[in-house]
Amino acid sequence: MSDVKAEWPLWEVFVRPKAGLDHKHCGSLHAADAAMAVQMAREVYTRRQEGTSVWVVKSSDITASDPGDKDMYFDPMEDKVYRHPTFYELPEAVNHM
Amino acid sequence: MYTQAMDTAPKEERKAVRTAEEAQLEARFEARIDDGAFIEAKDWMPEHYRKTLVRQISQHAHSEIVGMLPEGNWVTRAPTLKRKAILLAKIQDEGGHGLYLYAAAETLGVSRDQLLDALHTGRAKYSSIFNYPTLTWADIGVIGWLVDGAAIMNQVPLTRCSYAPYARAMVRICREESFHQRQGYDALMVMMRDGTDAQRALVQDAVNRWWWPSLMMFGPPDSESTHSAQSARWGIKRISNDDLRQKFVDATVEQAKVLGVTMPDPLLKWNDERQRHDFGPIDWDEFWRVVGGHGPCNKERLAARVKAWDDGAWVREAAMAHADKQARKQAVKEKAA
Amino acid sequence: MAATAESVRLKLTPPVQYVLRIADTCLIHAQRLSEWCGHGPVLEEDIALTNMALDLIGQARALLTHAGQLEGQGMDEDQLAFLRDERQFFNLTLVELPMRRSSAHAPGGDFADTTLRNFLLATWLKQLWQGLLSSSDAQLAAIAAKALKEVRYHQQHAGDWVVRLGDGTEESASRMAAALERAWPYTAEMFVADAVDGTAAEQGLGPARSALRSAWLDEVGAVLEEAGLKPPADTPFLSTGTKGVHSEHLGFILAEMQSLQRQHPGGQW
């Protein structure tokens, strides 16, 4: 079982495809540090096209609003962007994949 | 590339709904699905919905990664520089697709490392098509034509999956997939039309070996699919296995005629009444054997992935150690300032 | 019809050999890099290494096509890549050394060897491409302009990894030191002065390798220092791939790379 501490953190990637447009969220990737995250984001999400702008943000640094429909809100106070395992420990026995 | 293994997962017990509140939430959830609404990462969802998606998305991701291996087998032997570049780009796309899918799965509360651990310890499955060997260069073309063709047929409906991060990943994947099938078919066309007799024999031999496994990519017959009903109810599975399989046969038979190859099925025939092709019985023993871990390359594929992961451990650890050192240096600097 | 395809025989003038040195270095390095496809230490880096291989194949194709034109017998990129004999390949021996896979007669390399070699080579190629921007051969200058953008990125990416691994854990530091011991002697060949280079410099075709040494040492030295790595002392060892006399590895590389074309004379792909 891999050591959770050694796992590279998750980063969210935002790409501006063309000058004049906004940055758009594309997905995420794992990287050890910010410099790697930006490089990898270009490799994975833009295949290194010229002129694009790439932002990377650690997923844990993003604060998210509650889901719109208050009646659907079931989880305890959780302002992180995903249900993410590094935010809480998953018991090993529960991992039925 | 798609995995059919979702339907073959062990039967999971649905927990009895515990409270009236949960029952109400689930009813509201199903109403949203019926409305065609998208579910996002933080929306309330039944635990079973979440688990099903984690399994399906991650196994789809594993399929992409393992799928890099049979094609990777021929990169160093590609017959021209153009074909070498095309193949490398295609395999790289597949790695990227795996990455998008792991990212989608991670929105549901698992980490990529946990998912990889499930793959490496044999708990998670991947599409069984990748447990077949690539024995000649023609196999590479046939994989592009048949295996990617089948995958595309499975993937397009998934762009309308109710779980939005998965649907978005599928939109990105389908957009990039457009050249995969075409390059394979093109490679075969050149060999059949302009190649030597030996090359044409290679192509027909590859078709003979990959046809039936390609049909198996669509999973067991509808009558035997245990999870399809629930997945259809939740907008995860939009079209049945048999329907997709039939669509694939009908499209591919025409393409085979243009190529000048025959399928290894004496019962394959146009049925005027049904307006579809009839085809012969699939050997489901072979299917279950391969899905169960006893196909030609199962052990090698998994061993290759485990080795790559284990051999890379020191690299991943070093990168984190360096990042930690840099972070500490930065903290000291900021304190001093 | 012959059972196997025959080799092509090149008329080697200095400009042809000069161009082939760069082309073959890019091609064989790409061939080695592509061994990592599907086996990388992490998915993101797998994709990055493949991107690098694709860039290098693109550079090799452009250079081989041009070499074929210069050579005058009308050979194309594939004839040159797949039907030349080992003695008419002119890559640096450095790029033949094992990267990931071991063979029956040689142990494999590891990711330390790979990323260090990427860095040392990209730094060298960058100097070369910069010098070629002002080549008297317009085609070569055009190829250089495109390649320079790509190789700058390769150098940055690989250099970052050298630092990460050199200054990471004890294990990564010792692997990097071992990789440096293995690779360093083969870098001497990057700066040899010979008649081919002499002619190229005279004709304004491109820089002599010997002119690249001090800039290369400065750049490489800075990154190695940041990584906490120290190059071994120089020795009299000199590899000779650029003269067509290779290590034992190239034979295996070419046997694999050229196998299909050799087996199918006249085949169309």
# chains A, B, ... in the order shown; residues from 1 in each chain; ligands from 1
call {"tool": "interface_residues", "arguments": {"of": "chain C", "to": "chain B", "cutoff": "9 Å", "atoms": "only C-alpha atoms", "output": "PyMOL selection string"}}
result
chain C and resi 31-32+34-44+46-48+50-51+53-54+57-58+61+77-79+81-82+110-112+161+163-173+253+256-261+264-269
call {"tool": "closest_atom_pairs", "arguments": {"of": "chain B", "to": "chain A", "cutoff": "8 Å", "atoms": "only C-alpha atoms", "output": "JSON lines"}}
result
{"residue": "B:Leu25", "atom": "CA", "partner": "A:Met72", "partner_atom": "CA", "distance": 6.7}
{"residue": "B:Ala41", "atom": "CA", "partner": "A:Tyr82", "partner_atom": "CA", "distance": 6.0}
{"residue": "B:Lys42", "atom": "CA", "partner": "A:Tyr82", "partner_atom": "CA", "distance": 6.3}
{"residue": "B:Asp43", "atom": "CA", "partner": "A:Pro67", "partner_atom": "CA", "distance": 6.0}
{"residue": "B:Trp44", "atom": "CA", "partner": "A:Met72", "partner_atom": "CA", "distance": 5.7}
{"residue": "B:Lys51", "atom": "CA", "partner": "A:Met97", "partner_atom": "CA", "distance": 7.9}
{"residue": "B:Val54", "atom": "CA", "partner": "A:Met97", "partner_atom": "CA", "distance": 7.2}
{"residue": "B:Arg55", "atom": "CA", "partner": "A:Met97", "partner_atom": "CA", "distance": 5.2}
{"residue": "B:Gly96", "atom": "CA", "partner": "A:Val44", "partner_atom": "CA", "distance": 6.2}
{"residue": "B:Leu99", "atom": "CA", "partner": "A:Leu29", "partner_atom": "CA", "distance": 7.3}
{"residue": "B:Tyr100", "atom": "CA", "partner": "A:Gly27", "partner_atom": "CA", "distance": 6.8}
{"residue": "B:Ala103", "atom": "CA", "partner": "A:Ser28", "partner_atom": "CA", "distance": 5.6}
{"residue": "B:Ala104", "atom": "CA", "partner": "A:Gly27", "partner_atom": "CA", "distance": 7.6}
{"residue": "B:Glu106", "atom": "CA", "partner": "A:His84", "partner_atom": "CA", "distance": 7.0}
{"residue": "B:Thr107", "atom": "CA", "partner": "A:Tyr82", "partner_atom": "CA", "distance": 5.2}
{"residue": "B:Leu108", "atom": "CA", "partner": "A:Arg83", "partner_atom": "CA", "distance": 5.7}
{"residue": "B:Gly109", "atom": "CA", "partner": "A:His84", "partner_atom": "CA", "distance": 4.4}
{"residue": "B:Val110", "atom": "CA", "partner": "A:Pro85", "partner_atom": "CA", "distance": 5.4}
{"residue": "B:Ser111", "atom": "CA", "partner": "A:Pro85", "partner_atom": "CA", "distance": 6.0}
{"residue": "B:Asp113", "atom": "CA", "partner": "A:Ser2", "partner_atom": "CA", "distance": 6.8}
{"residue": "B:Gln114", "atom": "CA", "partner": "A:Ser2", "partner_atom": "CA", "distance": 7.5}
{"residue": "B:Leu115", "atom": "CA", "partner": "A:Met97", "partner_atom": "CA", "distance": 7.5}
{"residue": "B:Asp117", "atom": "CA", "partner": "A:Met1", "partner_atom": "CA", "distance": 6.6}
{"residue": "B:Ala118", "atom": "CA", "partner": "A:Met97", "partner_atom": "CA", "distance": 6.5}
{"residue": "B:Arg123", "atom": "CA", "partner": "A:Met97", "partner_atom": "CA", "distance": 6.4}
{"residue": "B:Ala124", "atom": "CA", "partner": "A:Met97", "partner_atom": "CA", "distance": 5.6}
{"residue": "B:Arg316", "atom": "CA", "partner": "A:Ala6", "partner_atom": "CA", "distance": 7.5}
{"residue": "B:Glu317", "atom": "CA", "partner": "A:Ala6", "partner_atom": "CA", "distance": 6.0}
{"residue": "B:Ala319", "atom": "CA", "partner": "A:Ala32", "partner_atom": "CA", "distance": 5.8}
{"residue": "B:Met320", "atom": "CA", "partner": "A:Ala32", "partner_atom": "CA", "distance": 5.4}
{"residue": "B:Ala323", "atom": "CA", "partner": "A:Asp33", "partner_atom": "CA", "distance": 5.7}
call {"tool": "write_last_selection", "arguments": {"atoms": "C-alpha atoms", "output": "short mmCIF file (atom, residue, chain, number, x, y, z; two decimals), in the first residue's frame"}}
result
data_model
loop_
_atom_site.label_atom_id
_atom_site.label_comp_id
_atom_site.auth_asym_id
_atom_site.auth_seq_id
_atom_site.Cartn_x
_atom_site.Cartn_y
_atom_site.Cartn_z
CA LEU B 25 -32.50 12.90 -1.14
CA ALA B 41 -18.45 16.46 -7.64
CA LYS B 42 -19.92 17.99 -4.53
CA ASP B 43 -23.57 17.25 -5.20
CA TRP B 44 -25.32 14.74 -2.99
CA LYS B 51 -18.86 3.61 -5.88
CA VAL B 54 -15.26 5.20 -9.09
CA ARG B 55 -15.04 1.62 -10.33
CA GLY B 96 -3.21 11.38 -21.50
CA LEU B 99 -4.69 10.79 -16.85
CA TYR B 100 -7.94 12.68 -17.57
CA ALA B 103 -8.50 13.01 -12.56
CA ALA B 104 -12.25 12.50 -13.03
CA GLU B 106 -10.35 11.59 -8.05
CA THR B 107 -13.21 14.08 -7.83
CA LEU B 108 -15.18 11.30 -6.13
CA GLY B 109 -12.97 10.94 -3.08
CA VAL B 110 -10.19 8.53 -4.06
CA SER B 111 -6.58 9.25 -4.90
CA ASP B 113 -2.30 6.10 -5.87
CA GLN B 114 -5.17 4.19 -4.30
CA LEU B 115 -6.59 3.41 -7.73
CA ASP B 117 -2.79 0.07 -5.94
CA ALA B 118 -6.10 -1.61 -6.77
CA ARG B 123 -8.50 -5.97 -7.41
CA ALA B 124 -9.35 -3.64 -10.28
CA ARG B 316 8.67 9.99 -7.06
CA GLU B 317 10.10 10.04 -3.55
CA ALA B 319 10.77 14.72 -6.28
CA MET B 320 8.72 15.08 -3.10
CA ALA B 323 9.88 19.92 -3.07
#
call {"tool": "closest_residue", "arguments": {"among": "C:Glu45, C:Thr25, C:Val192, C:Asn118", "to": "Ala41 in chain A", "atoms": "only C-alpha atoms"}}
result
C:Glu45
call {"tool": "residues_around", "arguments": {"residues": "Phe287 in chain B", "least_positions_apart": "3", "cutoff": "12 Å", "atoms": "only C-alpha atoms", "output": "tab-separated table (two decimals) with N, CA and C atoms, in the first residue's frame"}}
result
chain	number	residue	atom	x	y	z
B	4	GLN	N	-15.07	-3.17	-20.59
B	4	GLN	CA	-16.39	-3.81	-20.50
B	4	GLN	C	-16.57	-4.42	-19.13
B	5	ALA	N	-15.54	-4.36	-18.30
B	5	ALA	CA	-15.54	-5.13	-17.07
B	5	ALA	C	-16.52	-4.62	-16.03
B	8	THR	N	-19.07	-6.97	-15.08
B	8	THR	CA	-18.68	-8.24	-14.49
B	8	THR	C	-18.22	-8.09	-13.05
B	127	SER	N	-9.83	-3.37	-19.53
B	127	SER	CA	-10.43	-4.02	-20.69
B	127	SER	C	-9.61	-5.22	-21.13
B	128	SER	N	-10.27	-6.35	-21.27
B	128	SER	CA	-9.54	-7.61	-21.51
B	128	SER	C	-8.89	-7.67	-22.88
B	129	ILE	N	-9.27	-6.76	-23.78
B	129	ILE	CA	-8.67	-6.77	-25.12
B	129	ILE	C	-7.16	-6.61	-25.06
B	131	ASN	N	-5.12	-7.94	-23.16
B	131	ASN	CA	-4.42	-9.15	-22.74
B	131	ASN	C	-4.06	-10.04	-23.90
B	132	TYR	N	-4.22	-9.52	-25.12
B	132	TYR	CA	-3.82	-10.25	-26.32
B	132	TYR	C	-2.49	-9.69	-26.82
B	212	TRP	N	-12.70	-11.50	-33.07
B	212	TRP	CA	-13.56	-11.96	-31.98
B	212	TRP	C	-13.28	-11.22	-30.67
B	213	PRO	N	-12.00	-11.06	-30.29
B	213	PRO	CA	-11.74	-10.27	-29.08
B	213	PRO	C	-12.32	-8.85	-29.15
B	214	SER	N	-12.36	-8.24	-30.33
B	214	SER	CA	-12.95	-6.91	-30.47
B	214	SER	C	-14.43	-6.95	-30.15
B	215	LEU	N	-15.12	-8.00	-30.63
B	215	LEU	CA	-16.56	-8.10	-30.34
B	215	LEU	C	-16.79	-8.27	-28.84
B	216	MET	N	-15.85	-8.94	-28.18
B	216	MET	CA	-15.98	-9.16	-26.74
B	216	MET	C	-15.80	-7.88	-25.95
B	217	MET	N	-15.23	-6.84	-26.58
B	217	MET	CA	-15.03	-5.57	-25.88
B	217	MET	C	-16.34	-4.96	-25.41
B	218	PHE	N	-17.45	-5.36	-26.04
B	218	PHE	CA	-18.74	-4.76	-25.66
B	218	PHE	C	-19.35	-5.46	-24.46
B	219	GLY	N	-18.65	-6.46	-23.93
B	219	GLY	CA	-19.11	-7.09	-22.70
B	219	GLY	C	-20.07	-8.22	-22.94
B	220	PRO	N	-20.50	-8.84	-21.85
B	220	PRO	CA	-21.39	-10.01	-21.96
B	220	PRO	C	-22.73	-9.61	-22.59
B	221	PRO	N	-23.48	-10.57	-23.07
B	221	PRO	CA	-24.79	-10.26	-23.67
B	221	PRO	C	-25.69	-9.58	-22.63
B	282	ILE	N	-20.32	-15.94	-30.14
B	282	ILE	CA	-19.06	-15.55	-29.50
B	282	ILE	C	-18.68	-16.62	-28.49
B	283	ASP	N	-17.39	-16.91	-28.41
B	283	ASP	CA	-16.92	-17.91	-27.46
B	283	ASP	C	-16.80	-17.27	-26.07
B	284	TRP	N	-17.90	-17.33	-25.30
B	284	TRP	CA	-17.90	-16.67	-23.99
B	284	TRP	C	-16.98	-17.35	-22.99
B	290	VAL	N	-10.29	-14.93	-20.14
B	290	VAL	CA	-9.38	-13.78	-20.22
B	290	VAL	C	-9.70	-12.75	-19.14
B	291	VAL	N	-11.00	-12.48	-18.94
B	291	VAL	CA	-11.39	-11.54	-17.88
B	291	VAL	C	-10.95	-12.06	-16.52
B	292	GLY	N	-10.96	-13.38	-16.38
B	292	GLY	CA	-10.58	-13.99	-15.11
B	292	GLY	C	-9.08	-14.05	-14.86
B	293	GLY	N	-8.29	-13.55	-15.80
B	293	GLY	CA	-6.85	-13.49	-15.56
B	293	GLY	C	-6.03	-14.53	-16.30
B	294	HIS	N	-6.67	-15.33	-17.17
B	294	HIS	CA	-5.95	-16.43	-17.80
B	294	HIS	C	-5.84	-16.28	-19.30
B	295	GLY	N	-5.81	-15.07	-19.79
B	295	GLY	CA	-5.60	-14.82	-21.21
B	295	GLY	C	-4.12	-14.90	-21.54
B	296	PRO	N	-3.78	-14.67	-22.85
B	296	PRO	CA	-2.39	-14.84	-23.28
B	296	PRO	C	-1.39	-13.93	-22.55
call {"tool": "residues_around", "arguments": {"residues": "His25 in chain A", "least_positions_apart": "6", "cutoff": "9 Å", "atoms": "only C-alpha atoms", "output": "PyMOL selection string"}}
result
chain A and resi 12-15
call {"tool": "residues_around", "arguments": {"residues": "Ala183 in chain C", "least_positions_apart": "6", "cutoff": "12 Å", "atoms": "only C-alpha atoms", "output": "list in words"}}
result
Leu92, Thr93, Leu94, Val95, Glu96, Leu97, Pro98, Met99, Gly109, Ala112, Asp113, Thr114, Thr115, Leu116, Arg117, Asn118, Phe119, Leu120, Leu121, Met176, Ala177, Glu189, Met190, Pro231, Pro232, Asp234, Phe237, Leu238 and Ser239 of chain C
call {"tool": "atom_distance", "arguments": {"atom1": "CA of Trp288 in chain B", "atom2": "CA of Trp210 in chain B"}}
result
16.5 Å
call {"tool": "residues_around", "arguments": {"residues": "Ile143 in chain C", "least_positions_apart": "6", "cutoff": "9 Å", "atoms": "only C-alpha atoms", "output": "ChimeraX atom specification"}}
result
/C:59,62-63,129,132-133
call {"tool": "select_by_dssp", "arguments": {"residues": "range 74-209 of chain B", "states": "helix (DSSP H, G or I)", "output": "number ranges by chain"}}
result
B: 75-77, 81-106, 112-120, 128-131, 137-158, 164-194, 197-209
call {"tool": "residues_around", "arguments": {"residues": "Ile173 in chain B", "least_positions_apart": "4", "cutoff": "12 Å", "atoms": "only C-alpha atoms", "output": "MDAnalysis selection string"}}
result
(chainID A and resid 45) or (chainID B and resid 1:2 60:61 64 90 93:101 148 151:152 154:156 158:159 166:169 177:180)
